[in-house]
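Undergrad: I have a structure I would like to understand better, so I am pasting it below and will then ask my questions one at a time.
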Amino acid sequence: MIDVTVVLYANLRVKAGVNSVRLSMPDNATVDDMLTNLKQQFPPLIPHLTEKIVISINKKIALRGDLLPDGAEVALLPPIGGGR
């Protein structure tokens, strides 16, 4: 098992009702596996965890198929809206 801390930003934080969450995931879990876990724990996040969010692992941009390292900090950033 590996442990990761997921930090939520902007509307993701509001919808989940928490700033961050610690998850225990199986060995060889991917970012996509982690997103599935988050959707199960926080159903209000389901419509917001789309392809448009930016995901970083230890402050480096990550892809959904990337493996999660033990002890990683995963940040989820929604798209920025506004402007003209």
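In the structure tokens, the first chain shown is A, the next is B, and so on; residue numbers restart at 1 for each chain, and ligands run from 1 in the order shown.
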Let's see if you can do this: from backbone DSSP, list all strand (DSSP E) residues in chain A, as a ChimeraX atom specification.
TA: /A:2-8,20-25,54-57,60-61,73-77
Undergrad: I'd like the contact shell of Lys60 in chain A - 12 Å cut-off, only C-alpha atoms, skipping same-chain residues fewer than 5 positions apart - returned as a ChimeraX atom specification.
TA: /A:54-55,66,72-76
Undergrad: If you run DSSP on the backbone, which residues of range 20-71 of chain A are alpha helix (DSSP H), as a list in words?
TA: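 Residues of range 20-71 of chain A classed as alpha helix (DSSP H): Val31, Asp32, Asp33, Met34, Leu35, Thr36, Asn37, Leu38, Lys39, Gln40 and Gln41 of chain A.
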Undergrad: Write out as a list in words the residues lying within 10 Å of Ile53 in chain A, counting only C-alpha atoms and excluding same-chain residues fewer than 2 positions away.
TA: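 Answer for this query is Leu12, His48, Leu49, Thr50, Glu51, Ile55, Ser56, Ala75, Leu76, Leu77, Pro78, Pro79 and Ile80 of chain A.
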Undergrad: Would you mind reading off the distance between CA of Tyr9 in chain A and CA of Asn28 in chain A, one decimal, in Å?
TA: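 The value is 25.4 Å.
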Undergrad: Considering only C-alpha atoms, state which residue in the set A:Leu67, A:Ala62, A:Leu35, A:Pro44 is at the smallest distance from Leu23 in chain A.
TA: A:Leu35
Undergrad: Pick out the residues sitting within 8 Å of Asp70 in chain A, and hand them over as a short mmCIF file (atom, residue, chain, number, x, y, z; two decimals) with N, CA and C atoms, in the first residue's frame; count only C-alpha atoms, and ignore anything fewer than 5 positions along from it in its own chain.
TA:
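The new file selection_13.cif reads:
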data_model
loop_
_atom_site.label_atom_id
_atom_site.label_comp_id
_atom_site.auth_asym_id
_atom_site.auth_seq_id
_atom_site.Cartn_x
_atom_site.Cartn_y
_atom_site.Cartn_z
N ILE A 2 0.37 2.27 -0.64
CA ILE A 2 1.04 3.56 -0.63
C ILE A 2 0.08 4.61 -0.09
N ASP A 3 0.63 5.63 0.50
CA ASP A 3 -0.17 6.74 1.01
C ASP A 3 0.17 8.00 0.23
N VAL A 4 -0.88 8.72 -0.16
CA VAL A 4 -0.70 10.00 -0.84
C VAL A 4 -1.59 11.04 -0.18
#
Undergrad: Could you tell me how far CA of Met1 in chain A sits from CA of Pro43 in chain A, in Å to one decimal place?
TA: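 Separation between CA of Pro43 in chain A and CA of Met1 in chain A: 23.6 Å.
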Undergrad: Write out as a PyMOL selection string each polymer residue whose atoms come within 8 Å of Ser20 in chain A, counting only C-alpha atoms; drop sequence neighbours fewer than 6 positions from it.
TA: chain A and resi 5-8+13
Undergrad: Leaving out Phe42 in chain A and any residue of its chain fewer than 4 positions from it, which residues lie within 10 Å of it when counting only C-alpha atoms, given as a VMD selection string?
TA: chain A and resid 15 to 18 36 to 38 46
Undergrad: Skipping near chain neighbours, those fewer than 3 positions away, what residues fall within 10 Å of Thr30 in chain A using only C-alpha atoms, listed as a compact mmCIF listing (two decimals) with N, CA and C atoms, in the first residue's frame?
TA:
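So the final result, stored in around_8.txt, reads:
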# COMPACT_ATOMS: atom_id res chain seq x y z
N MET A 25 -3.62 3.78 -1.12
CA MET A 25 -3.89 3.18 -2.42
C MET A 25 -3.05 1.92 -2.57
N PRO A 26 -3.50 0.98 -3.40
CA PRO A 26 -2.69 -0.22 -3.63
C PRO A 26 -1.38 0.13 -4.34
N ASP A 27 -0.39 -0.73 -4.18
CA ASP A 27 0.85 -0.56 -4.92
C ASP A 27 0.52 -0.49 -6.42
N ASP A 33 -6.61 5.85 -10.92
CA ASP A 33 -7.13 5.06 -9.80
C ASP A 33 -7.46 5.97 -8.62
N MET A 34 -6.59 6.94 -8.37
CA MET A 34 -6.80 7.88 -7.28
C MET A 34 -8.05 8.73 -7.52
N LEU A 35 -8.24 9.17 -8.77
CA LEU A 35 -9.43 9.96 -9.10
C LEU A 35 -10.71 9.14 -8.89
N THR A 36 -10.67 7.87 -9.25
CA THR A 36 -11.82 6.98 -9.03
C THR A 36 -12.12 6.88 -7.54
N LEU A 63 0.20 12.92 -15.66
CA LEU A 63 -0.83 12.38 -16.55
C LEU A 63 -1.64 11.34 -15.78
N ARG A 64 -2.81 11.04 -16.27
CA ARG A 64 -3.70 10.11 -15.56
C ARG A 64 -3.14 8.69 -15.46
N GLY A 65 -2.28 8.31 -16.34
CA GLY A 65 -1.69 6.97 -16.29
C GLY A 65 -0.43 6.87 -15.44
N ASP A 66 0.03 8.00 -14.91
CA ASP A 66 1.26 7.99 -14.11
C ASP A 66 1.04 7.24 -12.80
N LEU A 67 2.09 6.53 -12.37
CA LEU A 67 2.05 5.83 -11.09
C LEU A 67 2.20 6.82 -9.94
N LEU A 68 1.53 6.53 -8.84
CA LEU A 68 1.62 7.36 -7.65
C LEU A 68 2.77 6.86 -6.77
N PRO A 69 3.74 7.72 -6.47
CA PRO A 69 4.79 7.29 -5.55
C PRO A 69 4.31 7.40 -4.10
